[in-house]
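Here the structure comes first, spelled out in structure tokens, and everything after it is commentary.
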Amino acid sequence: MFSWTGADQAFISVTGGEARLKDLHVTIAALLVAHGCNVGSTPVIGSADALKYGRLSHVDQTLLRLATYRAANAVLIDYQASVPLAQAWGGGLVASVDGMRFVVPVPSVYARPNPKYFGRRGGVAWLNMMAAGLGGKVVAGTPRDSLYVLDVLSTATAASAPR
């Protein structure tokens, strides 16, 4: 998404200086996923320099803040407004990610128990996304199914990416 939009350029240092870190976009993307999923940085730590704990911590403290989130979000909204489907829906200011839950009466690889929605039976959630494109995914119907929205989003945006 950064290569299409340049939204990563909105994340500037708190000092206003230009960051000279190699693969900074990778670090920013990892931190955005960590923050967006509310899982902390531990799951995105890796062996690559861009994903080492010290680098993630430094970038998180110096580049990710309300002002830079707002600036990056504005760039993304502007880009989305250029997508034909988004234009038909009001210029990119409307998006929908919705889940429908279904009881699955037979054993299934996706069916999981969720007493809140399925009682003692198993069920699935169908996540459907409509904004920059269309995408959908069947996932286990557990309370954590919302984390799969990122999969649905990546499927939809990949389908609508400029070629």
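In the structure tokens, chains take the letters A, B, ... in the order shown, each chain's residues start at 1, and ligands count up from 1 in the order shown.
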
Near-Val59 (chain A) list (9 Å; only C-alpha atoms; drop same-chain fewer than 5 positions) as number ranges by chain: A: 13, 24, 27-28, 31, 54, 64

Hey, which of A:Ser82, A:Ser57, A:Ser41, A:Asn114 ends up closest to Phe102 (chain A)? Count only C-alpha atoms.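 So, comparing all the options, the nearest one is A:Asn114.
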
Long-range neighbours of Arg121 (chain A) as a list in words, 9 Å cut-off, only C-alpha atoms, 5 positions minimum in chain: Val103, Val104, Pro105, Ala111, Arg112, Pro113, Asn114 and Pro115 of chain A

How far is it from CA of Tyr110 (chain A) to CA of Leu127 (chain A), in Å with one decimal?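 These two atoms are separated by 12.9 Å.
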
Nearest residue to Gln80 (chain A) from the set A:Asn38, A:Thr68, A:Gln61, A:Thr5 (distances using only C-alpha atoms): A:Thr5

Can you tell me, as an MDAnalysis selection string, what residues are no more than 9 Å from Gln9 (chain A) when counting only C-alpha atoms, ignoring any on the same chain fewer than 6 positions away? chainID A and resid 2 25 72

Include N, CA, C and O atoms and write out the residues we just selected as a compact mmCIF listing (two decimals), in the first residue's frame.
# COMPACT_ATOMS: atom_id res chain seq x y z
N PHE A 2 1.99 1.20 0.75
CA PHE A 2 2.88 2.36 0.79
C PHE A 2 3.44 2.68 -0.60
O PHE A 2 3.57 3.85 -0.95
N HIS A 25 9.91 1.68 5.77
CA HIS A 25 8.53 1.32 5.48
C HIS A 25 8.16 -0.04 6.06
O HIS A 25 7.02 -0.25 6.48
N ALA A 72 -0.94 10.38 7.44
CA ALA A 72 -0.94 9.15 6.63
C ALA A 72 -2.37 8.77 6.26
O ALA A 72 -2.63 8.35 5.13

For CA of Tyr117 (chain A) and CA of Pro43 (chain A), the interatomic separation in Å (one decimal): 28.7 Å
